[in-house]
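Q: My structure is stored as coords.cif, with mmCIF, C-alpha atoms.
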```cif
data_target
#
loop_
_atom_site.label_atom_id
_atom_site.label_comp_id
_atom_site.auth_asym_id
_atom_site.auth_seq_id
_atom_site.Cartn_x
_atom_site.Cartn_y
_atom_site.Cartn_z
CA MET A 622 91.69 30.88 154.97
CA GLU A 623 92.87 34.35 154.07
CA PRO A 624 92.51 37.00 156.77
CA ALA A 625 90.29 38.98 154.42
CA GLN A 626 87.94 36.08 154.00
CA ILE A 627 87.90 35.30 157.68
CA LEU A 628 86.75 38.85 158.32
CA ILE A 629 84.10 38.58 155.67
CA THR A 630 82.71 35.37 157.12
CA GLN A 631 82.99 36.62 160.68
CA ASN A 632 80.75 39.58 160.14
CA ARG A 633 77.82 37.41 159.11
CA ALA A 634 76.65 36.88 162.65
CA PHE A 635 77.98 38.92 165.48
CA PRO A 636 75.70 38.73 168.47
CA SER A 637 76.56 41.36 171.05
CA LEU A 638 75.04 42.03 174.39
CA GLU A 639 75.36 45.10 176.51
CA TYR A 640 75.10 44.70 180.28
CA VAL A 641 73.89 47.89 181.91
CA LEU A 642 73.27 49.48 185.28
CA GLN A 643 71.93 52.99 185.44
CA GLY A 644 71.36 55.71 187.98
CA SER A 645 71.45 59.44 188.53
CA ILE A 646 73.04 61.87 190.94
CA GLN A 647 72.37 65.50 191.83
CA ASP A 648 74.71 68.08 190.30
CA ASP A 649 75.96 69.33 193.65
CA SER A 650 77.18 65.87 194.74
CA VAL A 651 78.60 64.76 191.43
CA HIS A 652 82.13 65.84 192.36
CA LEU A 653 82.09 63.32 195.21
CA LEU A 654 81.14 60.50 192.89
CA LYS A 655 83.80 61.51 190.38
CA ALA A 656 86.46 61.56 193.08
CA ARG A 657 85.36 58.14 194.27
CA LEU A 658 85.39 56.73 190.73
CA GLN A 659 88.79 58.21 190.07
CA GLY A 660 90.07 56.40 193.11
CA LEU A 661 88.48 53.07 192.25
CA CYS A 662 89.01 52.93 188.51
CA ASP A 663 92.00 52.18 186.34
CA ASN A 664 92.76 55.77 185.43
CA ILE A 665 94.22 56.79 188.78
CA THR A 666 97.32 58.56 187.56
CA GLY A 667 96.20 59.84 184.19
CA GLU A 668 93.71 62.52 183.49
CA VAL A 669 90.06 61.60 183.35
CA GLU A 670 88.84 61.00 179.83
CA GLN A 671 86.14 63.43 178.84
CA PHE A 672 83.54 63.31 176.13
CA ASP A 673 81.03 65.64 174.56
CA ASP A 674 78.66 63.83 172.22
CA HIS A 675 75.66 64.69 170.16
CA GLU A 676 73.18 61.90 169.59
CA ILE A 677 70.33 61.93 167.10
CA VAL A 678 67.75 59.19 167.19
CA TYR A 679 65.87 58.00 164.10
CA THR A 680 62.84 55.76 164.27
CA LEU A 681 61.25 53.49 161.71
CA ARG A 682 57.62 52.54 162.20
CA ILE A 683 56.95 48.98 161.14
CA PRO A 684 53.31 48.19 160.50
CA GLY A 685 52.09 45.39 162.72
CA ALA A 686 55.25 45.35 164.82
CA SER A 687 57.05 47.57 167.28
CA SER A 688 59.07 50.41 165.83
CA VAL A 689 62.85 50.33 165.66
CA SER A 690 65.25 53.11 166.53
CA LEU A 691 68.79 53.71 165.37
CA ARG A 692 71.10 56.14 167.12
CA VAL A 693 73.63 58.29 165.31
CA ARG A 694 76.31 59.67 167.56
CA TYR A 695 79.37 61.79 167.05
CA ALA A 696 81.82 63.67 169.22
CA ILE A 697 81.44 67.44 169.09
CA ASP A 698 85.16 67.90 169.74
CA ASP A 699 85.85 66.16 166.41
CA ILE A 700 84.01 68.76 164.34
CA PRO A 701 84.50 69.53 161.41
CA ASN A 702 85.31 65.89 160.56
CA PRO A 703 83.69 63.73 163.19
CA ILE A 704 83.43 59.95 163.01
CA TYR A 705 79.79 58.97 162.99
CA HIS A 706 78.71 56.04 165.03
CA LEU A 707 75.54 54.11 164.27
CA ARG A 708 74.02 52.10 167.08
CA TYR A 709 71.11 49.79 167.58
CA VAL A 710 70.11 49.14 171.16
CA ALA A 711 67.20 46.85 171.90
CA SER A 712 65.02 47.36 174.92
CA ALA A 713 66.39 45.55 177.91
CA GLU A 714 65.47 41.96 178.61
CA LEU A 715 64.01 41.82 182.05
CA ASP A 716 65.36 38.52 183.12
CA LYS A 717 64.67 38.10 186.81
CA SER A 718 67.71 35.87 187.27
CA GLN A 719 70.06 38.57 186.01
CA SER A 720 71.15 41.25 188.43
CA VAL A 721 71.77 43.74 185.64
CA SER A 722 69.79 44.63 182.54
CA VAL A 723 70.93 42.95 179.37
CA ARG A 724 70.18 44.34 175.96
CA GLN A 725 71.05 43.41 172.42
CA PHE A 726 73.47 45.73 170.82
CA HIS A 727 74.90 46.37 167.36
CA ASP A 728 77.17 49.18 166.35
CA CYS A 729 79.36 50.34 163.53
CA CYS A 730 81.17 53.42 162.33
CA VAL A 731 79.76 55.03 159.22
CA THR A 732 80.43 57.90 156.84
CA LYS A 733 78.86 61.30 157.35
CA ASN A 734 75.97 60.79 154.94
CA ILE A 735 74.33 58.42 157.43
CA GLN A 736 71.52 60.79 158.37
CA ILE A 737 70.31 61.24 154.78
CA PHE A 738 70.78 57.52 154.26
CA LEU A 739 68.51 56.65 157.18
CA GLN A 740 65.87 59.07 155.92
CA ASP A 741 66.06 57.37 152.49
CA LEU A 742 65.31 54.10 154.25
CA GLY A 743 62.18 55.54 155.79
CA PHE A 744 63.56 56.40 159.20
CA ALA A 745 62.17 59.60 160.69
CA TYR A 746 63.85 62.01 163.06
CA ASP A 747 62.73 61.24 166.59
CA HIS A 748 64.76 63.23 169.09
CA GLU A 749 68.26 64.33 169.87
CA PHE A 750 70.34 65.20 172.89
CA PHE A 751 73.80 66.12 174.05
CA ALA A 752 75.81 64.19 176.59
CA LYS A 753 78.84 65.75 178.14
CA GLY A 754 80.87 64.22 180.90
CA ASP A 755 83.58 61.84 182.00
CA ILE A 756 84.38 58.22 181.24
CA PHE A 757 85.93 55.90 183.79
CA ARG A 758 87.14 52.41 183.09
CA LYS A 759 87.51 49.50 185.43
CA GLY A 760 88.69 46.38 183.64
CA ARG A 761 86.08 45.57 181.05
CA MET A 762 83.59 47.96 182.61
CA LYS A 763 82.91 51.47 181.43
CA ILE A 764 81.29 54.05 183.67
CA THR A 765 80.04 57.30 182.23
CA VAL A 766 78.93 60.29 184.26
CA ALA A 767 77.17 62.67 181.92
CA LYS A 768 75.10 65.78 181.88
CA ILE A 769 72.27 65.30 179.43
CA SER A 770 70.98 68.40 177.72
CA THR A 771 68.56 69.07 174.94
CA LEU A 772 68.47 71.52 172.10
CA ALA A 773 66.53 74.63 173.03
CA GLU A 774 65.39 75.14 169.46
CA ARG A 775 65.83 72.88 166.47
CA ASN A 776 66.66 73.97 162.94
CA ARG A 777 68.03 77.35 163.83
CA SER A 778 71.15 77.32 161.74
CA ASP A 779 71.96 80.94 162.52
CA MET A 780 72.73 80.06 166.12
CA ASN A 781 75.74 78.32 167.49
CA PRO A 782 74.59 74.83 168.49
CA MET A 783 76.79 74.93 171.56
CA ALA A 784 74.95 77.93 172.94
CA MET A 785 71.49 76.48 172.71
CA ARG A 786 71.80 73.60 175.09
CA ARG A 787 69.34 73.33 177.91
CA PRO A 788 69.93 70.75 180.63
CA PHE A 789 67.09 68.28 181.12
CA THR A 790 67.38 68.13 184.86
CA ASN A 791 69.74 69.31 187.56
CA SER A 792 71.23 65.88 187.96
CA CYS A 793 73.73 63.74 186.07
CA PHE A 794 73.11 60.47 184.32
CA VAL A 795 75.39 57.63 185.40
CA GLU A 796 75.68 54.45 183.40
CA MET A 797 77.86 51.43 183.97
CA SER A 798 78.11 49.20 180.93
CA LEU A 799 79.99 46.25 179.59
CA ILE A 800 79.86 44.68 176.15
CA GLY A 801 79.96 40.92 176.12
CA SER A 802 79.10 38.31 173.58
CA MET A 803 76.77 35.95 175.39
CA HIS A 804 74.90 35.45 178.61
CA ASP A 805 77.51 35.39 181.29
CA ASP A 806 76.44 35.45 184.93
CA LYS A 807 79.88 36.50 186.13
CA VAL A 808 79.54 39.82 184.32
CA GLY A 809 76.46 40.72 186.28
CA ASP A 810 78.10 39.85 189.58
CA GLU A 811 81.24 41.79 188.70
CA MET A 812 79.19 44.88 187.91
CA LYS A 813 76.91 44.52 190.88
CA SER A 814 79.80 44.21 193.31
CA PHE A 815 81.45 47.31 191.86
CA SER A 816 78.24 49.28 192.14
CA GLU A 817 78.05 48.24 195.82
CA GLN A 818 81.25 50.21 196.36
CA LEU A 819 79.50 53.36 195.15
CA LYS A 820 76.42 52.73 197.28
CA PRO A 821 76.67 55.61 199.75
CA LEU A 822 76.67 58.06 196.85
CA ILE A 823 74.58 56.45 194.19
CA SER A 824 72.45 53.40 193.69
CA LEU A 825 72.93 51.89 190.26
CA ASP A 826 70.20 49.57 189.21
CA LYS A 827 68.58 47.85 186.31
CA ILE A 828 65.91 50.11 184.97
CA ASP A 829 62.68 48.97 183.44
CA GLN A 830 62.29 51.33 180.49
CA LYS A 831 58.68 50.38 179.91
CA ARG A 832 57.70 51.53 183.33
CA MET B 783 94.69 55.82 146.97
CA VAL B 784 93.39 53.90 144.05
CA VAL B 785 91.60 54.30 140.75
CA ALA B 786 89.76 51.27 139.45
CA VAL B 787 87.80 50.24 136.42
CA VAL B 788 85.35 47.36 136.68
CA ILE B 789 84.06 45.74 133.51
CA GLN B 790 82.13 42.70 132.45
CA LEU B 791 84.26 40.60 130.14
CA PRO B 792 82.70 39.16 126.99
CA THR B 793 82.34 35.38 127.16
CA GLY B 794 80.33 34.89 123.97
CA SER B 795 82.99 33.06 121.98
CA TYR B 796 83.63 30.47 124.72
CA LYS B 797 81.65 27.43 125.77
CA SER B 798 81.19 28.70 129.29
CA PRO B 799 82.27 31.62 131.49
CA ALA B 800 84.58 29.17 133.29
CA GLU B 801 86.39 28.45 130.06
CA ALA B 802 86.64 32.15 129.29
CA ALA B 803 88.04 32.70 132.78
CA GLU B 804 90.74 30.09 132.07
CA PHE B 805 91.66 31.96 128.91
CA TYR B 806 91.96 35.32 130.66
CA LEU B 807 93.81 33.83 133.64
CA ASP B 808 96.31 32.30 131.28
CA LYS B 809 96.72 35.58 129.44
CA LEU B 810 97.32 37.51 132.66
CA GLU B 811 99.87 35.02 133.94
CA LYS B 812 101.73 34.89 130.64
CA GLY B 813 101.85 38.68 130.69
CA GLY B 814 103.70 38.57 133.99
CA ALA B 815 100.93 39.22 136.51
CA LYS B 816 101.41 37.35 139.78
CA LYS B 817 98.61 35.47 141.54
CA THR B 818 98.35 36.68 145.10
CA ARG B 819 95.20 35.46 146.83
CA PRO B 820 91.52 34.70 146.34
CA TYR B 821 89.19 37.56 145.60
CA GLN B 822 85.58 37.94 146.55
CA VAL B 823 82.78 40.47 146.21
CA ASP B 824 79.29 39.96 147.62
CA LEU B 825 76.01 41.73 147.12
CA THR B 826 72.99 41.32 149.37
CA SER B 827 69.89 43.35 148.62
CA TYR B 828 67.41 44.17 151.36
CA THR B 829 63.89 45.14 150.38
CA SER B 830 62.09 47.50 152.71
CA LEU B 831 58.78 46.25 154.09
CA THR B 832 57.72 49.70 155.23
CA GLN B 833 58.52 51.95 152.32
CA SER B 834 57.01 50.78 149.02
CA SER B 835 59.69 48.14 148.37
CA LYS B 836 62.68 50.42 148.54
CA VAL B 837 65.86 48.40 148.06
CA VAL B 838 69.12 48.78 149.97
CA HIS B 839 72.16 47.11 148.43
CA VAL B 840 74.94 46.06 150.75
CA LEU B 841 78.27 45.13 149.18
CA SER B 842 81.50 43.77 150.56
CA HIS B 843 84.85 43.40 148.83
CA SER B 844 87.84 41.30 149.88
CA GLU B 845 90.13 44.25 149.09
CA TYR B 846 88.38 46.18 151.90
CA PRO B 847 87.71 43.42 154.43
CA ALA B 848 86.75 45.65 157.34
CA SER B 849 84.17 47.68 155.42
CA SER B 850 80.67 47.37 154.08
CA PHE B 851 79.24 49.56 151.36
CA ALA B 852 75.55 50.37 151.33
CA PHE B 853 73.49 52.08 148.69
CA ALA B 854 69.82 53.03 148.82
CA GLU B 855 68.18 52.63 145.44
CA HIS B 856 66.48 55.63 143.80
CA SER B 857 68.29 58.23 145.79
CA ASN B 858 70.84 60.77 144.68
CA ASN B 859 72.74 59.92 147.75
CA GLN B 860 76.33 58.84 147.86
CA MET B 861 77.30 55.42 149.04
CA LEU B 862 77.41 54.82 152.75
CA VAL B 863 80.66 53.30 153.90
CA ALA B 864 80.48 51.47 157.22
CA ASP B 865 82.28 48.92 159.33
CA ASN B 866 81.54 45.38 158.31
CA THR B 867 79.36 45.04 161.42
CA PHE B 868 76.79 47.00 159.38
CA VAL B 869 75.75 43.63 157.90
CA ALA B 870 74.83 42.41 161.40
CA LEU B 871 72.77 45.56 161.89
CA MET B 872 70.91 45.02 158.60
CA ASN B 873 70.26 41.42 159.60
CA LYS B 874 68.86 42.70 162.88
CA LEU B 875 66.51 44.98 160.95
CA LYS B 876 65.57 41.91 158.92
CA THR B 877 64.63 39.94 162.03
CA LEU B 878 62.61 42.94 163.21
CA ARG B 879 60.66 42.67 159.95
CA ALA B 880 61.70 46.07 158.61
CA PHE B 881 63.48 44.49 155.67
CA GLU B 882 63.57 41.18 153.87
CA ILE B 883 65.90 39.59 151.35
CA ARG B 884 63.68 39.18 148.32
CA LEU B 885 66.26 39.40 145.54
CA PRO B 886 68.86 36.69 145.02
CA LYS B 887 72.35 37.24 146.43
CA MET B 888 75.17 37.78 143.98
CA GLU B 889 78.77 36.84 144.53
CA VAL B 890 82.06 37.02 142.69
CA ARG B 891 84.74 34.42 143.35
CA GLY B 892 88.08 34.63 141.67
CA THR B 893 91.75 35.43 141.84
CA ARG B 894 93.64 38.57 142.70
CA PHE B 895 96.74 39.41 140.66
CA GLU B 896 99.41 41.98 141.03
CA TYR B 897 101.35 43.47 138.20
CA GLN B 898 103.70 46.21 139.37
CA ASP B 899 101.43 49.10 140.38
CA PHE B 900 98.28 47.43 139.16
CA ILE B 901 95.94 45.12 141.02
CA ILE B 902 93.86 42.89 138.81
CA ASN B 903 90.87 40.98 140.11
CA LEU B 904 89.26 38.42 137.87
CA GLY B 905 86.24 36.43 138.96
CA ILE B 906 83.09 34.58 138.00
CA VAL B 907 79.76 36.08 138.99
CA ASN B 908 77.22 33.71 140.49
CA GLN B 909 73.63 34.34 141.38
CA SER B 910 72.51 31.52 143.67
CA GLN B 911 74.36 28.69 141.84
CA THR B 912 73.78 30.15 138.39
CA THR B 913 76.80 31.59 136.60
CA LYS B 914 76.00 35.02 135.22
CA GLY B 915 79.28 36.12 133.71
CA LEU B 916 82.85 37.20 134.12
CA ILE B 917 84.02 40.34 135.86
CA LEU B 918 87.37 42.13 135.76
CA GLU B 919 88.58 44.90 138.01
CA VAL B 920 91.79 46.71 137.19
CA ALA B 921 93.05 49.09 139.83
CA TYR B 922 95.95 51.47 139.58
CA VAL B 923 97.12 51.97 143.14
CA PRO B 924 99.37 55.06 143.40
CA MET B 925 96.82 57.57 142.17
CA ASP B 926 93.40 58.92 143.02
CA GLU B 927 92.88 61.21 140.05
CA THR B 928 90.15 59.46 138.08
CA ARG B 929 90.73 60.70 134.54
CA ASP B 930 94.48 60.03 134.40
CA GLY B 931 94.05 56.73 136.18
CA TYR B 932 91.32 55.71 133.77
CA CYS B 933 93.59 56.46 130.79
CA LEU B 934 96.37 54.33 132.25
CA ILE B 935 94.00 51.45 132.95
CA GLN B 936 92.61 51.74 129.44
CA GLU B 937 96.12 51.36 128.05
CA PHE B 938 96.71 48.44 130.38
CA LEU B 939 93.62 46.68 129.04
CA GLN B 940 94.68 47.40 125.46
CA SER B 941 98.16 45.95 125.86
CA PHE B 942 97.44 43.16 128.33
CA LEU B 943 94.14 41.78 127.11
CA ASN B 944 94.20 43.03 123.50
CA MET B 945 91.05 45.04 123.96
CA THR B 946 90.61 47.88 121.54
CA LYS B 947 89.91 51.40 122.77
CA PRO B 948 86.26 51.39 121.58
CA MET B 949 85.82 48.01 123.30
CA VAL B 950 86.99 49.43 126.61
CA GLN B 951 84.85 52.52 126.20
CA LYS B 952 81.84 50.31 125.52
CA ALA B 953 82.62 48.02 128.43
CA ILE B 954 82.85 50.59 131.20
CA THR B 955 79.79 50.99 133.34
CA GLU B 956 77.32 53.84 133.21
CA GLN B 957 78.43 54.74 136.72
CA LEU B 958 82.01 55.29 135.66
CA SER B 959 81.19 57.19 132.48
CA ASN B 960 78.79 59.42 134.41
CA TRP B 961 81.44 59.98 137.03
CA LEU B 962 84.04 60.82 134.36
CA ARG B 963 81.61 63.21 132.70
CA SER B 964 80.82 64.90 136.00
CA LEU B 965 84.53 65.53 136.50
CA LYS B 966 84.86 67.59 133.32
CA ASP B 967 84.66 70.94 135.01
CA LYS B 968 85.86 69.99 138.47
CA LYS B 969 89.31 69.70 139.86
CA ASP B 970 90.69 67.72 142.78
CA VAL B 971 87.87 65.26 143.08
CA GLU B 972 89.31 62.14 144.59
CA TYR B 973 88.40 58.69 143.44
CA THR B 974 87.15 56.63 146.37
CA PRO B 975 86.61 52.87 146.73
CA SER B 976 82.84 53.52 146.83
CA ILE B 977 83.02 54.35 143.12
CA SER B 978 84.48 50.89 142.45
CA LEU B 979 81.64 49.31 144.39
CA LEU B 980 79.10 51.39 142.46
CA GLN B 981 80.58 50.00 139.26
CA TYR B 982 80.15 46.49 140.63
CA LEU B 983 76.57 47.28 141.60
CA ASP B 984 75.85 48.50 138.07
CA ILE B 985 77.10 45.26 136.57
CA PHE B 986 75.32 43.08 139.16
CA LEU B 987 71.98 44.79 138.61
CA ASN B 988 72.30 44.39 134.84
CA MET B 989 73.19 40.72 135.27
CA ARG B 990 70.22 40.16 137.54
CA LYS B 991 67.92 41.44 134.82
CA GLN B 992 69.35 39.05 132.23
CA PRO B 993 67.56 35.72 131.95
CA ASN B 994 69.55 32.71 133.11
CA GLU B 995 71.23 30.79 130.34
#
```
With the file now loaded, output its structure as structure tokens.
A:
Amino acid sequence: MEPAQILITQNRAFPSLEYVLQGSIQDDSVHLLKARLQGLCDNITGEVEQFDDHEIVYTLRIPGASSVSLRVRYAIDDIPNPIYHLRYVASAELDKSQSVSVRQFHDCCVTKNIQIFLQDLGFAYDHEFFAKGDIFRKGRMKITVAKISTLAERNRSDMNPMAMRRPFTNSCFVEMSLIGSMHDDKVGDEMKSFSEQLKPLISLDKIDQKR
Amino acid sequence: MVVAVVIQLPTGSYKSPAEAAEFYLDKLEKGGAKKTRPYQVDLTSYTSLTQSSKVVHVLSHSEYPASSFAFAEHSNNQMLVADNTFVALMNKLKTLRAFEIRLPKMEVRGTRFEYQDFIINLGIVNQSQTTKGLILEVAYVPMDETRDGYCLIQEFLQSFLNMTKPMVQKAITEQLSNWLRSLKDKKDVEYTPSISLLQYLDIFLNMRKQPNE
């Protein structure tokens, strides 16, 4: 088969799962965690990769079923021509046998008219936030340490969006994630054992979002 | 860079679209165009279950294998271009009962030709096992200026397939003629592959309306 056709047939079904552990750490101890992660992760010699993202969440209410949210994300450093990222993340499956939370996951890059497109489809603006921080990688794992902030006021075009950020809390959000294709117990163990190494500083756990 | 014209080829004087396809294939090959690989375009339409049956058309084209093109009906919006994983996302929304596939899928299967700087795609349009017609896409690769590209392609069609100028002008889709008209007083507007896909969509939607033969 032609490579083009293989790609076309491949995209028909692409089940992805995201394995996640989450936690938080106070601002005044975050430098300790970062130093520890820098020592443990793959990027020992190089500089730590940083990110500064803006995420806008759109929700569609489905009558007689639970609503669905899609997340549009782009990097603020890429302005004026950022790449927009569209993401669907299901709520985590709370499988007792798994040591980490597992959630269904779909993502794709899209053109900049995505926000109007979603509104055309009936999606309504839900909320938005900024995440700024560092990314660490360890093998297949990705660990982000981010400061989450919100917009002080929405729809004030006269103000610089950078200046209106207000941090949610005085702690940082830490997430360890791994994208795999199917249920794989080894992944959970791999993540859990790595999180053990961060234990004195932070306890990363599977979080029940419904709680 | 590319400028492309997509038209539905007349099949009236042949027994079947397949026979007409044979005729055009033969003509292209005799003219010196080289067969390169299979060609395929697909259209799946998702009907919204939440918003008074709004329809989202998702197209894919073998010339752009890593991309999906999505268009929300009845909006002045441009086409959304996404990774081909967008299809998986739409299917997810389908399983969540936000959308359903109510309209039949359409697909084009055919052959891709190359003739110097032109790419010619010729294929038969099927709507769930029923043949709806013949489609031809002629793309001129080294240019993205629509008007000049269109003129070149028009000449190509005249000399290669013996179509007369009025025939070509009649055959082009509303999408393309609107686009050409909108360019009248603008400069430096690039042609993008989404415009090709909009031309396909135009033809597909017209074919869907036609009763099966």
Q: Please indicate the distance in Å from atom CA of A:Glu670 to atom CA of A:Phe726, rounded to one decimal place.
A: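 Atom-to-atom, atom CA of A:Glu670 to atom CA of A:Phe726, that is 23.5 Å.
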Q: Out of B:Lys887, B:Arg990, B:His843, B:Arg963, which residue has the shortest atom-to-atom distance to B:Val823 when counting all atoms listed in the file?
A: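 Answer, going by the shortest atom-to-atom distance: B:His843.
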Q: Taking only C-alpha atoms into account, what are the residues of chain B at most 7 Å from chain A, put as a ChimeraX atom specification?
A: /B:832-833,844,847-848,854,862-871,880
Q: Would you mind telling me which residue in B:Ser830, B:Thr913, B:Gln957, B:Thr893 lies nearest to B:Arg879 when using only C-alpha atoms?
A: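 The answer is B:Ser830, which sits nearest to B:Arg879.
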Q: Give me the result of the PyMOL selection byres ((chain B and resi 923) around 10) on this file, residue by residue, as a ChimeraX atom specification.
A: /B:783-786,898-901,920-922,924-926,931
Q: Could you pull out every residue with an atom within 7 Å of (64.3, 59.8, 164.4), file coordinates, counting only C-alpha atoms, and send them as a compact mmCIF listing (two decimals) with C-alpha atoms, keeping the file's coordinate frame?
A:
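Writing the result to out_1.txt gives the following:
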```
# COMPACT_ATOMS: atom_id res chain seq x y z
CA ILE A 677 70.33 61.93 167.10
CA VAL A 678 67.75 59.19 167.19
CA TYR A 679 65.87 58.00 164.10
CA THR A 680 62.84 55.76 164.27
CA PHE A 744 63.56 56.40 159.20
CA ALA A 745 62.17 59.60 160.69
CA TYR A 746 63.85 62.01 163.06
CA ASP A 747 62.73 61.24 166.59
CA HIS A 748 64.76 63.23 169.09
```
Q: Can you pull out every residue within 10 Å of stretch 974-982 of chain B, counting only C-alpha atoms, but drop anything in the same chain fewer than 6 positions away, and send it as JSON, numbers by chain?
A: {"B": [783, 784, 785, 786, 787, 788, 789, 790, 823, 824, 825, 840, 841, 842, 843, 845, 846, 850, 851, 852, 853, 860, 861, 862, 863, 890, 917, 918, 919, 920, 921, 926, 927, 928, 954, 955, 956, 957, 958, 959, 961, 988]}
Q: Go ahead and write the selection's residues with C-alpha atoms as an mmCIF file, in the coordinates of the input.
A:
```
data_model
loop_
_atom_site.group_PDB
_atom_site.id
_atom_site.type_symbol
_atom_site.label_atom_id
_atom_site.label_comp_id
_atom_site.auth_asym_id
_atom_site.auth_seq_id
_atom_site.Cartn_x
_atom_site.Cartn_y
_atom_site.Cartn_z
ATOM 1 C CA MET B 783 94.690 55.820 146.970
ATOM 2 C CA VAL B 784 93.390 53.900 144.050
ATOM 3 C CA VAL B 785 91.600 54.300 140.750
ATOM 4 C CA ALA B 786 89.760 51.270 139.450
ATOM 5 C CA VAL B 787 87.800 50.240 136.420
ATOM 6 C CA VAL B 788 85.350 47.360 136.680
ATOM 7 C CA ILE B 789 84.060 45.740 133.510
ATOM 8 C CA GLN B 790 82.130 42.700 132.450
ATOM 9 C CA VAL B 823 82.780 40.470 146.210
ATOM 10 C CA ASP B 824 79.290 39.960 147.620
ATOM 11 C CA LEU B 825 76.010 41.730 147.120
ATOM 12 C CA VAL B 840 74.940 46.060 150.750
ATOM 13 C CA LEU B 841 78.270 45.130 149.180
ATOM 14 C CA SER B 842 81.500 43.770 150.560
ATOM 15 C CA HIS B 843 84.850 43.400 148.830
ATOM 16 C CA GLU B 845 90.130 44.250 149.090
ATOM 17 C CA TYR B 846 88.380 46.180 151.900
ATOM 18 C CA SER B 850 80.670 47.370 154.080
ATOM 19 C CA PHE B 851 79.240 49.560 151.360
ATOM 20 C CA ALA B 852 75.550 50.370 151.330
ATOM 21 C CA PHE B 853 73.490 52.080 148.690
ATOM 22 C CA GLN B 860 76.330 58.840 147.860
ATOM 23 C CA MET B 861 77.300 55.420 149.040
ATOM 24 C CA LEU B 862 77.410 54.820 152.750
ATOM 25 C CA VAL B 863 80.660 53.300 153.900
ATOM 26 C CA VAL B 890 82.060 37.020 142.690
ATOM 27 C CA ILE B 917 84.020 40.340 135.860
ATOM 28 C CA LEU B 918 87.370 42.130 135.760
ATOM 29 C CA GLU B 919 88.580 44.900 138.010
ATOM 30 C CA VAL B 920 91.790 46.710 137.190
ATOM 31 C CA ALA B 921 93.050 49.090 139.830
ATOM 32 C CA ASP B 926 93.400 58.920 143.020
ATOM 33 C CA GLU B 927 92.880 61.210 140.050
ATOM 34 C CA THR B 928 90.150 59.460 138.080
ATOM 35 C CA ILE B 954 82.850 50.590 131.200
ATOM 36 C CA THR B 955 79.790 50.990 133.340
ATOM 37 C CA GLU B 956 77.320 53.840 133.210
ATOM 38 C CA GLN B 957 78.430 54.740 136.720
ATOM 39 C CA LEU B 958 82.010 55.290 135.660
ATOM 40 C CA SER B 959 81.190 57.190 132.480
ATOM 41 C CA TRP B 961 81.440 59.980 137.030
ATOM 42 C CA ASN B 988 72.300 44.390 134.840
#
```
Q: Just give me the gap between atom CA of B:Arg891 and atom CA of B:Leu934 in Å, one decimal is fine.
A: 25.6 Å
Q: Tell me, in Å to one decimal, how far atom CA of A:Gly809 is from atom CA of A:Arg758.
A: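 So the two atoms, atom CA of A:Gly809 and atom CA of A:Arg758, lie 16.2 Å apart.
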Q: Decode the PyMOL selection byres ((chain A and resi 806) around 10) for the given file into explicit residues and return them as a ChimeraX atom specification.
A: /A:718-721,803-805,807-811
Q: Near A:Met812, counting only C-alpha atoms, which residues have an atom at most 10 Å away, once you skip same-chain residues fewer than 2 positions from it, shown as a PyMOL selection string?
A: chain A and resi 640-642+720-721+759+761-763+797-799+807-810+814-817+825
Q: Which residues come within 10 Å of B:Val950, counting all atoms listed in the file, excluding same-chain residues fewer than 2 positions away, as a list of chain:residue names?
A: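 Counting only the stated atoms, we get B:Val787, B:Ile789, B:Leu791, B:Ile935, B:Gln936, B:Glu937, B:Leu939, B:Gln940, B:Met945, B:Thr946, B:Lys947, B:Pro948, B:Lys952, B:Ala953, B:Ile954, B:Thr955.
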Q: How would stretch 832-840 of chain B read, as a PDB file, keeping the file's coordinate frame, once N, CA and C atoms are built in?
A:
```
ATOM      1  N   THR B 832      58.504  48.567 154.747  1.00  0.00           N
ATOM      2  CA  THR B 832      57.720  49.700 155.230  1.00  0.00           C
ATOM      3  C   THR B 832      57.564  50.766 154.167  1.00  0.00           C
ATOM      4  N   GLN B 833      58.512  50.833 153.245  1.00  0.00           N
ATOM      5  CA  GLN B 833      58.520  51.950 152.320  1.00  0.00           C
ATOM      6  C   GLN B 833      58.435  51.471 150.894  1.00  0.00           C
ATOM      7  N   SER B 834      57.261  51.207 150.398  1.00  0.00           N
ATOM      8  CA  SER B 834      57.010  50.780 149.020  1.00  0.00           C
ATOM      9  C   SER B 834      58.208  50.094 148.350  1.00  0.00           C
ATOM     10  N   SER B 835      58.632  49.004 148.913  1.00  0.00           N
ATOM     11  CA  SER B 835      59.690  48.140 148.370  1.00  0.00           C
ATOM     12  C   SER B 835      60.976  48.854 147.992  1.00  0.00           C
ATOM     13  N   LYS B 836      61.379  49.783 148.767  1.00  0.00           N
ATOM     14  CA  LYS B 836      62.680  50.420 148.540  1.00  0.00           C
ATOM     15  C   LYS B 836      63.785  49.382 148.790  1.00  0.00           C
ATOM     16  N   VAL B 837      64.811  49.415 147.942  1.00  0.00           N
ATOM     17  CA  VAL B 837      65.860  48.400 148.060  1.00  0.00           C
ATOM     18  C   VAL B 837      67.174  49.032 148.543  1.00  0.00           C
ATOM     19  N   VAL B 838      67.791  48.375 149.500  1.00  0.00           N
ATOM     20  CA  VAL B 838      69.120  48.780 149.970  1.00  0.00           C
ATOM     21  C   VAL B 838      70.106  47.687 149.584  1.00  0.00           C
ATOM     22  N   HIS B 839      71.138  48.068 148.843  1.00  0.00           N
ATOM     23  CA  HIS B 839      72.160  47.110 148.430  1.00  0.00           C
ATOM     24  C   HIS B 839      73.344  47.202 149.365  1.00  0.00           C
ATOM     25  N   VAL B 840      73.763  46.076 149.884  1.00  0.00           N
ATOM     26  CA  VAL B 840      74.940  46.060 150.750  1.00  0.00           C
ATOM     27  C   VAL B 840      76.022  45.201 150.091  1.00  0.00           C
TER      28      VAL B 840
END
```
